[in-house]
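Asks: Could you have a look at this structure, given as C-alpha cells, before my questions?
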Amino acid sequence: MHRTRQQLIDKRLDRRERLQMVENIGLKQMDYFDNSAHAKEEFYGKELILAERDLVEQEADEILKDAKETDVAFLVVGDPFGATTHSDLVLRAVRTGIPYQVVHNASVLNAVGCCGLQLYNFGETVSVVFWTETWRPESFYDKILQNRAAGLHTLCLLDLKVKEQSLENLMRGKKIYEPPRFMNAAQAATQLLEIIRRRRERGDQPGLTEDTLCVGVARLGAADQEIRTATLEQMTSCDLGAPLHSLVVTGRLHPLEADMLRLHAQDDDVLTLLRRHDNS
C-alpha cells in the first residue's frame with residue numbers, strides 16, 4: 001500500500017512539473033469545482049484561465065491559437081477522453097499540425113468499481129436527465145433493459161444543470177443564470193419507478209421492479225464518499241449527501257460481487273435479496 005501511495009504522489013508531482021513549464025493553462029470550468037481553482041493555482045504555481053462551456057464547445061480554436069508558438073495545457077475533471085468535446089480538440093490539433101500529449105486521470109467510469117461490481121460486467125453507460133413537465137424521455141431506460149438482458153450492470157450518470165438560463169432570460173439576452181442543480185440518486189430512482197409505473201399501465205413488461213438491486217454512489221474518491229446498496233424503491237429515500245451522485249442498476253451478480261454489495265447494505269430485505277443471488 002505504501003508503494004502504491006508513493007506512486008500516486010510521484011505521478012501528481014510529475015504532472016505539476018510538466019505544467020510549470022507550460023505557458024498557458026486552461027481549466028475547464030465546472031461550477032461545482034470552481035472553489036478549488038485557487039488551490040490549483042497555488043499547487044501548480046501558475047495562473048489558470050477558466051474555460052467556460054461555450055469556449056470549449058464553440059470556440060475551441062481559441063484554446064489552440066497559441067499552441068503553435070508555445071506549450072498550452074487544458075485541464076479537465078476526470079479522464080480527458082470522458083467527453084467527445086475533448087476528442088474534438090485532439091482532431092483540431094492534428095489537422096493544424098500541433099503535436100499533443102495526453103495525461104490520463106481517473107473518472108467515475110473506473111472509480112465506480114469500488115462499489116464492488118466488476119468493471120468488465122458493465123454494459124453501456126447511460127445518462128439520466130432531469131425531466132420537465134413537457135419532456136420526459138425514456139431512452140436511457142431501454143438501454144438499461146438491454147444491458148440487463150445480457151446480464152450486465154448499468155452505470156447511470158446523473159444530470160447536472162450549471163449556468164443554465166431560464167427561457168425568459170434567454171429570449172431577452174440577459175446573462176442571468178439559474179441556481180445550479182445536481183440530480184441525486186434518489187431522484188434518478190424516482191424517475192425509473194415512474195417509468196415502471198407508466199409501462200405497467202400500458203400493459204407492457206417493465207423489465208425492472210421496485211425490488212431491483214441498485215447501488216448509489218456519491219463523491220467517489222473523496223474522503224467522505226458514500227456507497228449504498230438498496231432496492232430501487234428504497235433508493236428513492238436514500239440521502240447520500242452532497243453531489244456528485246451516480247446510480248448503478250445491477251445485472252447478473254457474481255457471488256463475489258454479492259459479497260461486496262453486502263458491505264454497503266443497511267436493510268435486511270436487501271441482504272435477503274443478496275442471499276438469493278448466492279443460491280441462483
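FYI, nothing fancy with the C-alpha cells labels: chains A, B, ... in order, residues from 1 per chain, ligands from 1 as they appear.
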Just the residues within 8 Å of Thr231 (chain A), please, counting only C-alpha atoms, with nothing from its chain fewer than 3 positions along; format it as a PyMOL selection string.
Replies: chain A and resi 210-214+234-235+270
Asks: Emit the selected residues as an mmCIF file, in the first residue's frame, including all heavy atoms.
Replies:
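Resulting contents of part.cif:
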```cif
data_model
loop_
_atom_site.group_PDB
_atom_site.id
_atom_site.type_symbol
_atom_site.label_atom_id
_atom_site.label_comp_id
_atom_site.auth_asym_id
_atom_site.auth_seq_id
_atom_site.Cartn_x
_atom_site.Cartn_y
_atom_site.Cartn_z
ATOM 1 N N GLU A 210 -39.637 -2.727 -8.398
ATOM 2 C CA GLU A 210 -39.275 -1.957 -7.201
ATOM 3 C C GLU A 210 -38.172 -2.648 -6.405
ATOM 4 O O GLU A 210 -37.450 -1.992 -5.646
ATOM 5 C CB GLU A 210 -40.510 -1.772 -6.305
ATOM 6 C CG GLU A 210 -41.581 -0.855 -6.867
ATOM 7 C CD GLU A 210 -42.486 -1.541 -7.887
ATOM 8 O OE1 GLU A 210 -42.255 -2.728 -8.217
ATOM 9 O OE2 GLU A 210 -43.427 -0.884 -8.358
ATOM 10 N N ASP A 211 -38.031 -3.978 -6.588
ATOM 11 C CA ASP A 211 -37.025 -4.734 -5.828
ATOM 12 C C ASP A 211 -35.710 -4.921 -6.584
ATOM 13 O O ASP A 211 -34.817 -5.629 -6.091
ATOM 14 C CB ASP A 211 -37.586 -6.117 -5.455
ATOM 15 C CG ASP A 211 -38.677 -6.020 -4.393
ATOM 16 O OD1 ASP A 211 -38.643 -5.060 -3.608
ATOM 17 O OD2 ASP A 211 -39.555 -6.899 -4.381
ATOM 18 N N THR A 212 -35.583 -4.325 -7.753
ATOM 19 C CA THR A 212 -34.315 -4.423 -8.488
ATOM 20 C C THR A 212 -33.189 -3.825 -7.647
ATOM 21 O O THR A 212 -33.318 -2.720 -7.108
ATOM 22 C CB THR A 212 -34.410 -3.680 -9.834
ATOM 23 O OG1 THR A 212 -35.407 -4.315 -10.644
ATOM 24 C CG2 THR A 212 -33.070 -3.704 -10.556
ATOM 25 N N LEU A 213 -32.092 -4.558 -7.532
ATOM 26 C CA LEU A 213 -30.965 -4.086 -6.718
ATOM 27 C C LEU A 213 -30.201 -2.977 -7.437
ATOM 28 O O LEU A 213 -29.897 -3.084 -8.624
ATOM 29 C CB LEU A 213 -30.011 -5.239 -6.407
ATOM 30 C CG LEU A 213 -30.414 -6.154 -5.245
ATOM 31 C CD1 LEU A 213 -29.468 -7.342 -5.169
ATOM 32 C CD2 LEU A 213 -30.415 -5.394 -3.926
ATOM 33 N N CYS A 214 -29.914 -1.921 -6.696
ATOM 34 C CA CYS A 214 -29.180 -0.773 -7.215
ATOM 35 C C CYS A 214 -28.069 -0.407 -6.243
ATOM 36 O O CYS A 214 -28.062 -0.820 -5.085
ATOM 37 C CB CYS A 214 -30.104 0.435 -7.384
ATOM 38 S SG CYS A 214 -31.474 0.151 -8.505
ATOM 39 N N GLN A 234 -36.209 1.543 -2.292
ATOM 40 C CA GLN A 234 -35.506 2.114 -1.135
ATOM 41 C C GLN A 234 -34.600 3.280 -1.533
ATOM 42 O O GLN A 234 -34.440 4.239 -0.782
ATOM 43 C CB GLN A 234 -34.667 1.034 -0.450
ATOM 44 C CG GLN A 234 -35.480 -0.037 0.247
ATOM 45 C CD GLN A 234 -34.628 -1.234 0.636
ATOM 46 O OE1 GLN A 234 -33.485 -1.366 0.193
ATOM 47 N NE2 GLN A 234 -35.176 -2.124 1.451
ATOM 48 N N MET A 235 -34.039 3.195 -2.739
ATOM 49 C CA MET A 235 -33.119 4.237 -3.180
ATOM 50 C C MET A 235 -33.804 5.592 -3.287
ATOM 51 O O MET A 235 -33.158 6.642 -3.155
ATOM 52 C CB MET A 235 -32.505 3.852 -4.533
ATOM 53 C CG MET A 235 -31.335 4.721 -4.974
ATOM 54 S SD MET A 235 -29.892 4.632 -3.867
ATOM 55 C CE MET A 235 -29.345 2.946 -4.179
ATOM 56 N N VAL A 270 -32.577 -6.151 1.713
ATOM 57 C CA VAL A 270 -31.509 -6.155 0.703
ATOM 58 C C VAL A 270 -30.591 -7.347 0.941
ATOM 59 O O VAL A 270 -30.181 -8.038 -0.002
ATOM 60 C CB VAL A 270 -30.708 -4.838 0.750
ATOM 61 C CG1 VAL A 270 -29.518 -4.897 -0.201
ATOM 62 C CG2 VAL A 270 -31.604 -3.667 0.385
#
```
Asks: Leu152 (chain A): which residues within 12 Å, counting only C-alpha atoms, same-chain residues fewer than 5 positions away excluded, as a PyMOL selection string?
Replies: chain A and resi 117-125+143-147+248-254
Asks: Interatomic distance between CA of Glu47 (chain A) and CA of Ala67 (chain A)?
Replies: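 Going from CA of Glu47 (chain A) over to CA of Ala67 (chain A) covers 17.0 Å.
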Asks: Considering only helix (DSSP H, G or I) as DSSP defines it on the backbone, what residues of region 36-191 of chain A qualify? List them as a VMD selection string.
Replies: chain A and resid 36 to 44 53 to 58 60 to 64 80 to 82 84 to 95 108 to 115 119 to 121 139 to 149 167 to 172 185 to 191
Asks: How many Å lie between CA of Val126 (chain A) and CA of Arg275 (chain A), rounded to one decimal?
Replies: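 We find that CA of Val126 (chain A) and CA of Arg275 (chain A) lie 28.1 Å from each other.
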Asks: Can you pull out the residues contacting Lys161 (chain A)? Cut-off 12 Å, using only C-alpha atoms, and skip same-chain residues under 2 positions away; I want them as number ranges by chain.
Replies: A: 30-32, 129-131, 158-159, 163-166, 177-183, 244
Asks: For Ala265 (chain A), which residue among A:Ala230, A:Ala60, A:Ala73, A:Val162 is the nearest when counting only C-alpha atoms?
Replies: A:Ala230
Asks: Enumerate, as a list of chain:residue names, the complete set of residues in region 214-272 of chain A that a backbone-based DSSP assignment places in strand (DSSP E).
Replies: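 Filtering region 214-272 of chain A to strand (DSSP E) leaves A:Cys214, A:Val215, A:Gly216, A:Val217, A:Ala218, A:Glu226, A:Ile227, A:Arg228, A:Thr229, A:Ala230, A:Thr231, A:His245, A:Ser246, A:Leu247, A:Val248, A:Val249.
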Asks: Keeping C-alpha atoms, export the residues of the selection given above as a compact mmCIF listing (two decimals), in the first residue's frame.
Replies:
```
# COMPACT_ATOMS: atom_id res chain seq x y z
CA CYS A 214 -29.18 -0.77 -7.21
CA VAL A 215 -26.08 0.94 -5.89
CA GLY A 216 -25.97 4.66 -5.20
CA VAL A 217 -22.56 6.32 -5.12
CA ALA A 218 -21.63 9.87 -4.18
CA GLU A 226 -20.84 7.28 0.12
CA ILE A 227 -21.87 3.93 -1.31
CA ARG A 228 -25.29 2.39 -0.66
CA THR A 229 -26.78 -0.89 -1.82
CA ALA A 230 -30.58 -0.77 -1.88
CA THR A 231 -33.61 -1.77 -3.87
CA HIS A 245 -24.02 11.23 -7.45
CA SER A 246 -24.28 8.25 -9.80
CA LEU A 247 -26.60 5.25 -9.78
CA VAL A 248 -25.83 1.67 -10.79
CA VAL A 249 -28.60 -0.73 -11.80
```
Asks: Please compute the CA of Ala188 (chain A)-CA of Thr236 (chain A) distance, one decimal, in Å.
Replies: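 These atoms are spaced 7.8 Å apart.
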Asks: What lies within 7 Å of Ile98 (chain A) using only C-alpha atoms, ignoring chain neighbours under 2 positions off, as number ranges by chain?
Replies: A: 67-68, 93-94, 96, 100
Asks: I'd like to know which of A:Val56, A:Val72, A:Leu208, A:Val103 is closest to Ala149 (chain A), using only C-alpha atoms.
Replies: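 Nearest to Ala149 (chain A): A:Leu208.
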Asks: Give the answer as one residue: which of A:Gln266, A:Asp142, A:Arg172, A:Leu64 has the shortest atom-to-atom distance to Gln205 (chain A), using only C-alpha atoms?
Replies: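 Of all the options, A:Asp142 lies closest to Gln205 (chain A).
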